[in-house]
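> So here's input35.txt, just compact mmCIF, C-alpha atoms (C1' of nucleotides) and all ligand atoms:
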```
# COMPACT_ATOMS: atom_id res chain seq x y z
CA MET A 22 122.17 93.37 117.52
CA ASP A 23 119.61 92.86 114.74
CA SER A 24 122.35 92.50 112.14
CA GLN A 25 121.54 88.85 111.96
CA ASP A 26 117.81 89.52 111.56
CA LEU A 27 118.60 91.39 108.37
CA LYS A 28 121.06 88.84 107.05
CA ASN A 29 118.54 86.10 107.76
CA VAL A 30 116.19 87.64 105.26
CA GLY A 31 118.89 88.25 102.71
CA LEU A 32 119.57 91.92 103.36
CA LYS A 33 122.97 93.44 104.02
CA ALA A 34 123.22 94.82 107.53
CA THR A 35 123.68 98.46 106.69
CA LEU A 36 123.45 101.27 109.19
CA PRO A 37 120.30 102.86 107.74
CA ARG A 38 118.51 99.52 107.68
CA LEU A 39 119.49 98.78 111.26
CA LYS A 40 118.42 102.23 112.39
CA ILE A 41 115.03 101.90 110.74
CA LEU A 42 114.43 98.40 112.08
CA ASN A 43 115.39 99.47 115.59
CA PHE A 44 113.23 102.53 115.31
CA LEU A 45 110.21 100.46 114.33
CA HIS A 46 110.79 98.11 117.24
CA ALA A 47 111.18 100.95 119.69
CA SER A 48 108.25 103.04 118.49
CA PRO A 49 105.12 103.10 120.63
CA VAL A 50 103.14 103.89 117.48
CA ARG A 51 102.65 100.74 115.43
CA HIS A 52 101.20 102.16 112.22
CA MET A 53 103.27 104.75 110.40
CA SER A 54 103.73 106.24 106.94
CA ALA A 55 107.18 106.49 105.38
CA GLU A 56 107.05 110.22 106.08
CA ASP A 57 106.17 109.53 109.72
CA VAL A 58 109.17 107.26 110.06
CA TYR A 59 111.43 109.77 108.33
CA LYS A 60 110.37 112.71 110.46
CA SER A 61 110.30 110.84 113.74
CA MET A 62 113.79 109.55 113.12
CA LEU A 63 115.02 113.04 112.32
CA GLU A 64 113.71 114.24 115.68
CA THR A 65 115.59 111.42 117.38
CA GLY A 66 118.76 112.49 115.61
CA GLU A 67 118.79 109.20 113.74
CA ASP A 68 118.60 110.68 110.31
CA VAL A 69 118.28 108.63 107.18
CA GLY A 70 117.43 109.92 103.70
CA LEU A 71 113.78 109.95 102.79
CA ALA A 72 114.40 107.94 99.62
CA THR A 73 116.18 105.37 101.75
CA VAL A 74 113.25 105.15 104.15
CA TYR A 75 110.94 104.43 101.24
CA ARG A 76 113.35 101.92 99.74
CA VAL A 77 114.05 100.13 102.98
CA LEU A 78 110.42 99.89 104.02
CA THR A 79 109.64 98.33 100.65
CA GLN A 80 112.53 95.91 101.07
CA PHE A 81 111.35 95.05 104.57
CA GLU A 82 107.92 94.40 103.15
CA SER A 83 109.30 92.01 100.54
CA ALA A 84 111.34 90.32 103.23
CA GLY A 85 108.28 89.90 105.41
CA LEU A 86 109.59 92.12 108.19
CA VAL A 87 106.86 94.72 107.81
CA THR A 88 103.36 94.85 106.39
CA ARG A 89 102.05 97.63 104.18
CA HIS A 90 98.49 98.87 104.43
CA HIS A 91 96.39 101.07 102.15
CA PHE A 92 93.92 102.78 104.40
CA ASP A 93 91.67 105.46 102.89
CA GLU A 94 94.43 108.02 102.88
CA GLY A 95 96.75 109.04 100.11
CA HIS A 96 99.76 107.12 101.39
CA SER A 97 100.97 103.71 102.51
CA VAL A 98 101.07 102.81 106.19
CA PHE A 99 103.59 100.31 107.52
CA GLU A 100 103.78 98.23 110.65
CA LEU A 101 106.25 95.73 112.02
CA ASN A 102 105.16 92.21 111.17
CA LEU A 103 104.88 90.38 114.48
CA GLY A 104 103.68 87.19 112.85
CA GLU A 105 100.02 87.46 113.81
CA HIS A 106 97.71 88.43 110.98
CA HIS A 107 95.02 90.88 111.95
CA ASP A 108 92.67 93.44 110.46
CA HIS A 109 92.03 97.06 111.41
CA ILE A 110 89.40 99.36 112.78
CA LEU A 111 90.02 103.08 112.36
CA CYS A 112 88.45 106.07 114.05
CA VAL A 113 87.28 108.51 111.40
CA LYS A 114 87.53 111.38 113.88
CA CYS A 115 90.86 111.01 115.66
CA GLY A 116 92.61 108.58 113.34
CA LYS A 117 93.22 105.97 116.03
CA VAL A 118 94.01 102.51 114.67
CA ASP A 119 92.85 99.42 116.55
CA GLU A 120 93.34 95.82 115.57
CA PHE A 121 91.27 92.68 115.64
CA PHE A 122 91.25 89.12 114.42
CA ASP A 123 88.10 87.19 113.73
CA PRO A 124 88.30 83.53 112.73
CA VAL A 125 84.72 83.53 111.46
CA ILE A 126 85.47 86.30 108.98
CA GLU A 127 88.74 84.68 107.95
CA ASP A 128 86.98 81.41 107.22
CA ARG A 129 84.15 83.03 105.31
CA GLN A 130 86.66 84.79 103.09
CA TYR A 131 88.21 81.52 102.09
CA ASP A 132 84.79 80.05 101.35
CA ILE A 133 83.82 83.04 99.23
CA ALA A 134 87.07 82.97 97.29
CA ARG A 135 86.71 79.25 96.68
CA ASN A 136 83.10 79.66 95.55
CA GLN A 137 84.17 82.20 92.97
CA GLY A 138 87.01 79.95 91.83
CA TYR A 139 89.75 82.14 93.26
CA THR A 140 92.90 80.98 95.01
CA ILE A 141 93.16 83.50 97.82
CA THR A 142 96.55 85.14 98.38
CA ASP A 143 95.73 87.93 100.77
CA HIS A 144 93.02 90.22 102.03
CA ALA A 145 92.54 93.57 103.68
CA LEU A 146 89.61 94.43 105.89
CA VAL A 147 89.32 97.92 107.29
CA VAL A 148 86.40 98.97 109.43
CA TYR A 149 85.79 102.69 109.86
CA GLY A 150 83.91 104.13 112.80
CA VAL A 151 83.93 106.46 115.75
CA CYS A 152 86.04 105.27 118.65
CA PRO A 153 84.86 105.31 122.27
CA ASP A 154 86.82 108.48 123.02
CA CYS A 155 85.26 110.36 120.11
CA GLN A 156 81.58 109.60 120.68
CA ASP A 157 79.58 112.89 120.48
CA MET B 7 67.16 112.68 80.99
CA ASP B 8 69.22 112.43 84.19
CA SER B 9 69.02 116.17 84.76
CA GLN B 10 66.60 115.48 87.55
CA ASP B 11 68.85 112.82 89.06
CA LEU B 12 71.48 115.49 89.56
CA LYS B 13 69.10 118.10 90.89
CA ASN B 14 67.68 115.54 93.28
CA VAL B 15 71.03 115.27 94.98
CA GLY B 16 71.58 119.02 94.99
CA LEU B 17 73.84 119.35 91.98
CA LYS B 18 73.31 121.70 89.07
CA ALA B 19 72.63 119.83 85.85
CA THR B 20 75.69 120.87 83.89
CA LEU B 21 76.78 119.30 80.65
CA PRO B 22 80.02 117.78 82.01
CA ARG B 23 78.19 116.23 84.95
CA LEU B 24 75.51 114.77 82.68
CA LYS B 25 78.11 113.40 80.31
CA ILE B 26 80.03 111.73 83.09
CA LEU B 27 76.95 110.26 84.72
CA ASN B 28 75.72 108.91 81.38
CA PHE B 29 79.12 107.53 80.62
CA LEU B 30 79.23 105.65 83.91
CA HIS B 31 75.80 104.19 83.29
CA ALA B 32 76.70 103.12 79.77
CA SER B 33 80.12 101.68 80.57
CA PRO B 34 80.44 97.90 80.60
CA VAL B 35 83.36 98.29 83.01
CA ARG B 36 82.09 99.01 86.50
CA HIS B 37 85.31 99.92 88.30
CA MET B 38 87.33 102.79 86.87
CA SER B 39 89.90 105.36 87.91
CA ALA B 40 89.40 109.05 87.16
CA GLU B 41 92.02 108.72 84.46
CA ASP B 42 90.14 105.75 82.98
CA VAL B 43 86.96 107.79 82.81
CA TYR B 44 88.79 110.76 81.34
CA LYS B 45 90.53 108.78 78.61
CA SER B 46 87.55 106.61 77.74
CA MET B 47 85.39 109.68 77.35
CA LEU B 48 87.98 111.31 75.11
CA GLU B 49 87.87 108.28 72.84
CA THR B 50 84.11 108.57 72.67
CA GLY B 51 84.45 112.21 71.69
CA GLU B 52 82.77 113.23 74.92
CA ASP B 53 85.62 115.25 76.26
CA VAL B 54 85.62 116.83 79.67
CA GLY B 55 88.61 118.37 81.46
CA LEU B 56 90.59 116.03 83.68
CA ALA B 57 90.24 118.34 86.68
CA THR B 58 86.49 118.33 86.11
CA VAL B 59 86.41 114.55 86.03
CA TYR B 60 88.18 114.47 89.40
CA ARG B 61 85.93 117.15 90.83
CA VAL B 62 82.72 115.64 89.56
CA LEU B 63 83.56 112.12 90.70
CA THR B 64 84.26 113.48 94.16
CA GLN B 65 80.96 115.38 94.11
CA PHE B 66 79.14 112.26 92.95
CA GLU B 67 80.73 110.39 95.81
CA SER B 68 79.55 112.98 98.35
CA ALA B 69 76.11 112.85 96.78
CA GLY B 70 76.03 109.07 97.04
CA LEU B 71 75.90 108.51 93.30
CA VAL B 72 79.24 106.73 93.15
CA THR B 73 81.46 104.84 95.55
CA ARG B 74 85.20 105.31 95.82
CA HIS B 75 87.54 102.40 96.51
CA HIS B 76 91.18 102.27 97.54
CA PHE B 77 92.49 99.03 96.20
CA ASP B 78 96.22 98.31 96.49
CA GLU B 79 97.08 100.60 93.64
CA GLY B 80 98.22 104.18 93.67
CA HIS B 81 94.88 105.67 92.70
CA SER B 82 91.19 105.77 93.56
CA VAL B 83 88.72 103.54 91.76
CA PHE B 84 85.09 104.59 91.33
CA GLU B 85 81.91 102.72 90.56
CA LEU B 86 78.31 103.70 90.13
CA ASN B 87 76.40 103.19 93.35
CA LEU B 88 73.54 100.87 92.54
CA GLY B 89 72.32 100.75 96.10
CA GLU B 90 73.59 97.32 96.99
CA HIS B 91 76.59 97.29 99.25
CA HIS B 92 79.18 94.69 98.35
CA ASP B 93 82.83 93.89 98.81
CA HIS B 94 85.47 92.97 96.25
CA ILE B 95 87.72 90.16 95.18
CA LEU B 96 90.57 91.06 92.83
CA CYS B 97 92.75 88.90 90.65
CA VAL B 98 96.39 89.72 91.32
CA LYS B 99 97.35 88.48 87.86
CA CYS B 100 94.88 89.99 85.42
CA GLY B 101 93.34 92.70 87.56
CA LYS B 102 89.78 91.42 87.25
CA VAL B 103 87.41 92.73 89.89
CA ASP B 104 84.60 90.53 91.17
CA GLU B 105 82.03 91.37 93.78
CA PHE B 106 80.39 89.57 96.66
CA PHE B 107 78.20 90.16 99.64
CA ASP B 108 78.32 88.03 102.76
CA PRO B 109 75.83 88.63 105.57
CA VAL B 110 77.91 86.61 108.02
CA ILE B 111 80.92 88.87 107.53
CA GLU B 112 78.77 91.99 107.65
CA ASP B 113 77.29 90.92 110.97
CA ARG B 114 80.59 89.96 112.50
CA GLN B 115 81.97 93.38 111.62
CA TYR B 116 79.24 95.09 113.55
CA ASP B 117 79.85 92.81 116.53
CA ILE B 118 83.57 93.50 116.46
CA ALA B 119 83.06 97.24 116.21
CA ARG B 120 80.60 97.19 119.07
CA ASN B 121 82.92 95.08 121.22
CA GLN B 122 85.66 97.63 120.78
CA GLY B 123 83.27 100.47 121.55
CA TYR B 124 83.18 101.82 118.02
CA THR B 125 80.16 103.12 116.15
CA ILE B 126 80.72 101.69 112.71
CA THR B 127 80.36 104.04 109.74
CA ASP B 128 81.78 102.06 106.89
CA HIS B 129 84.09 99.26 105.93
CA ALA B 130 86.15 97.99 103.05
CA LEU B 131 87.01 94.36 102.49
CA VAL B 132 89.21 93.43 99.57
CA VAL B 133 90.23 89.85 98.93
CA TYR B 134 93.19 89.28 96.63
CA GLY B 135 93.71 86.05 94.77
CA VAL B 136 94.14 84.32 91.45
CA CYS B 137 90.97 84.12 89.37
CA PRO B 138 89.79 80.94 87.62
CA ASP B 139 91.09 82.15 84.25
CA CYS B 140 94.58 82.80 85.62
CA GLN B 141 95.21 79.51 87.44
CA ASP B 142 98.66 78.22 86.33
C1' DG C 16 143.58 94.06 108.96
C1' DA C 17 144.01 96.10 104.16
C1' DG C 18 142.14 95.72 99.30
C1' DT C 19 138.43 95.08 96.18
C1' DA C 20 134.05 94.18 94.06
C1' DT C 21 129.53 95.44 94.61
C1' DA C 22 125.37 96.86 96.90
C1' DT C 23 123.56 100.83 99.25
C1' DT C 24 122.99 105.57 100.34
C1' DG C 25 121.50 110.43 99.92
C1' DA C 26 120.20 114.45 97.37
C1' DG C 27 117.71 116.18 93.97
C1' DA C 28 115.20 115.41 89.76
C1' DA C 29 111.28 113.10 87.94
C1' DA C 30 106.96 110.78 87.79
C1' DG C 31 102.12 109.82 88.85
C1' DA C 32 97.86 111.19 91.06
C1' DT C 33 95.17 114.74 92.63
C1' DT C 34 93.97 119.46 93.89
C1' DC C 35 94.12 124.49 93.36
C1' DG C 36 93.73 129.28 91.29
C1' DC C 37 91.54 131.96 88.34
C1' DA C 38 89.72 133.91 84.16
C1' DT C 39 85.97 132.40 81.21
C1' DT C 40 81.57 130.22 80.56
C1' DA C 41 77.15 128.26 81.52
C1' DG C 42 72.85 127.31 84.70
C1' DT C 43 69.14 129.17 87.01
C1' DA C 44 65.86 132.09 88.82
C1' DT C 45 63.88 136.48 88.12
C1' DA D 19 66.58 138.46 78.12
C1' DT D 20 69.33 139.79 82.46
C1' DA D 21 72.01 139.08 86.21
C1' DC D 22 73.87 136.45 89.85
C1' DT D 23 76.46 132.60 91.00
C1' DA D 24 78.34 128.20 90.43
C1' DA D 25 80.99 125.29 87.36
C1' DT D 26 84.50 124.54 83.87
C1' DG D 27 89.10 124.01 81.88
C1' DC D 28 93.69 125.02 81.72
C1' DG D 29 98.05 125.10 83.73
C1' DA D 30 100.41 125.51 87.96
C1' DA D 31 101.00 123.57 92.36
C1' DT D 32 101.04 119.84 95.77
C1' DC D 33 101.76 115.36 97.59
C1' DT D 34 103.56 110.83 97.61
C1' DT D 35 106.68 107.84 95.71
C1' DT D 36 110.31 106.40 92.57
C1' DC D 37 114.46 107.12 89.90
C1' DT D 38 119.31 108.62 88.69
C1' DC D 39 123.83 108.70 89.78
C1' DA D 40 127.99 109.96 92.09
C1' DA D 41 129.85 109.02 96.64
C1' DT D 42 130.24 105.59 100.23
C1' DA D 43 129.86 101.57 103.10
C1' DT D 44 129.62 96.44 103.48
C1' DA D 45 131.16 91.87 102.92
C1' DC D 46 134.44 88.84 101.16
C1' DT D 47 139.26 87.46 100.05
C1' DC D 48 144.00 87.25 101.14
MN MN E 201 98.10 96.49 112.51
MN MN E 202 82.03 97.03 93.12
ZN ZN E 203 88.61 108.59 117.86
ZN ZN E 204 92.87 86.80 86.63
```
Can you give me the file's structure in the form of structure tokens?

Amino acid sequence: MDSQDLKNVGLKATLPRLKILNFLHASPVRHMSAEDVYKSMLETGEDVGLATVYRVLTQFESAGLVTRHHFDEGHSVFELNLGEHHDHILCVKCGKVDEFFDPVIEDRQYDIARNQGYTITDHALVVYGVCPDCQD
Amino acid sequence: MDSQDLKNVGLKATLPRLKILNFLHASPVRHMSAEDVYKSMLETGEDVGLATVYRVLTQFESAGLVTRHHFDEGHSVFELNLGEHHDHILCVKCGKVDEFFDPVIEDRQYDIARNQGYTITDHALVVYGVCPDCQD
DNA sequence: GAGTATATTGAGAAAGATTCGCATTAGTAT
DNA sequence: ATACTAATGCGAATCTTTCTCAATATACTC
């Protein structure tokens, strides 16, 4: 039961929210748009209104349960927040999404922000390229 | 006359395209949405259809004259391509956009891509924070 | 466990950004 | 100047996301 997970972050444990959270945990695909979540859940018979999917994903984001990304597409992409910050590398041919974490880059970002007098709150690094499977 | 600039990149030198290109060069604001460009030009009396602004900015992007960014907003942001690649740091309070270039980060990105078997084509790094003017 | 106050849901309408369709107009090369 | 073709501008259409609101489900009290 994830009921408690929701209550812990201040959200009522409603059926749609539980369904969506369970779906995200069970999905083999980590990065999905709201539409992806909506359609995939329909196929599983777990149907939830599209407006609710959008609302709940936004609530999960505020609660820190999921992270929202703005890749170079026209829509938001969400992923379950597993506690480990990372950045992304996307294949421009097949759309595959890989992840990485680089302490050197993380540190440099803080230095740069500090040098420009900024207090850093977040960052998003997306590398685009051609994945091994899509070469030539 | 920028007529030649347009022809050089394979675009017919039409009045709307010249107006937009001149506007971008003259603007003190470097980062603008299509809507920003459209409205600012209206105010200057240089009016061009909104659809044309969208089309032309996209053509300029393909031609390498401008760069398109996807910051965490619901729309694209364009800037004149002055030939020097750089990344961005945005103030989450006032919306200011600053720029930076860090060779260490650039290099690390290539290493990471190579390690994962990717051929890098592009990247986008956006740092969010609170600018000096917006501290407390 | 039923009763109640209140937050949440779902469906469709609405909004914001961008693209499309097409008749009209403007560049460009004879 | 003429003619061929590409580009423009308008509104309609599309896509993603949010909003409205009546119906419903959750959590709390007794
Ligand atoms: Mn990820
Ligand atoms: Mn810039
Ligand atoms: Zn690929
Ligand atoms: Zn600021």
> For a quick test of understanding: name the residues of chain B lying within 8 Å of chain D when counting all atoms listed in the file, and present them as number ranges by chain.
B: 20, 55, 57-58
> Need to verify the contact set: Val110 of chain B, 10 Å, all atoms listed in the file, exclusion of same-chain residues closer than 4 positions in sequence. Can you return it as an MDAnalysis selection string?
(chainID A and resid 125:126 129) or (chainID B and resid 114:115)
> Can you list, as an NGL selection string, every protein, DNA or RNA residue that comes within 10 Å of Arg51 of chain A when you count all atoms listed in the file, leaving out same-chain residues fewer than 6 positions away?
:A and (45 or 98-102 or 118-119)
> Return the single residue from B:Cys137, B:Val35, B:Ala40, B:Leu17 that is closest to chain A, with distances computed using only C-alpha atoms.
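For chain A, the nearest of the candidates is B:Cys137.
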> Let me have all residues with an atom within 6 Å of ligand ZN 203 (chain E), counting only C-alpha atoms (C1' of nucleotides) and all ligand atoms, laid out as a CSV table (one decimal) with C-alpha atoms, in the coordinates of the input.

```csv
chain,number,residue,atom,x,y,z
A,112,CYS,CA,88.4,106.1,114.0
A,114,LYS,CA,87.5,111.4,113.9
A,115,CYS,CA,90.9,111.0,115.7
A,117,LYS,CA,93.2,106.0,116.0
A,151,VAL,CA,83.9,106.5,115.8
A,152,CYS,CA,86.0,105.3,118.6
A,154,ASP,CA,86.8,108.5,123.0
A,155,CYS,CA,85.3,110.4,120.1
```
> Within 7 Å of ligand MN 201 (chain E), counting all atoms listed in the file: which residues, as a PyMOL selection string?
chain A and resi 51-52+100+107-109+120
> I need the residues from that last selection saved to file as an mmCIF file, keeping the file's coordinate frame (with C-alpha atoms), if you can.

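Listed below is the output, result_1.cif:
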```cif
data_model
loop_
_atom_site.group_PDB
_atom_site.id
_atom_site.type_symbol
_atom_site.label_atom_id
_atom_site.label_comp_id
_atom_site.auth_asym_id
_atom_site.auth_seq_id
_atom_site.Cartn_x
_atom_site.Cartn_y
_atom_site.Cartn_z
ATOM 1 C CA ARG A 51 102.650 100.740 115.430
ATOM 2 C CA HIS A 52 101.200 102.160 112.220
ATOM 3 C CA GLU A 100 103.780 98.230 110.650
ATOM 4 C CA HIS A 107 95.020 90.880 111.950
ATOM 5 C CA ASP A 108 92.670 93.440 110.460
ATOM 6 C CA HIS A 109 92.030 97.060 111.410
ATOM 7 C CA GLU A 120 93.340 95.820 115.570
#
```
> Can you work out which residues from chain B touch chain C at a cut-off of 12 Å (counting only C-alpha atoms (C1' of nucleotides)) and hand them back as an NGL selection string?
:B and (9 or 13 or 17-22 or 39-41 or 56-61 or 64 or 79-83)
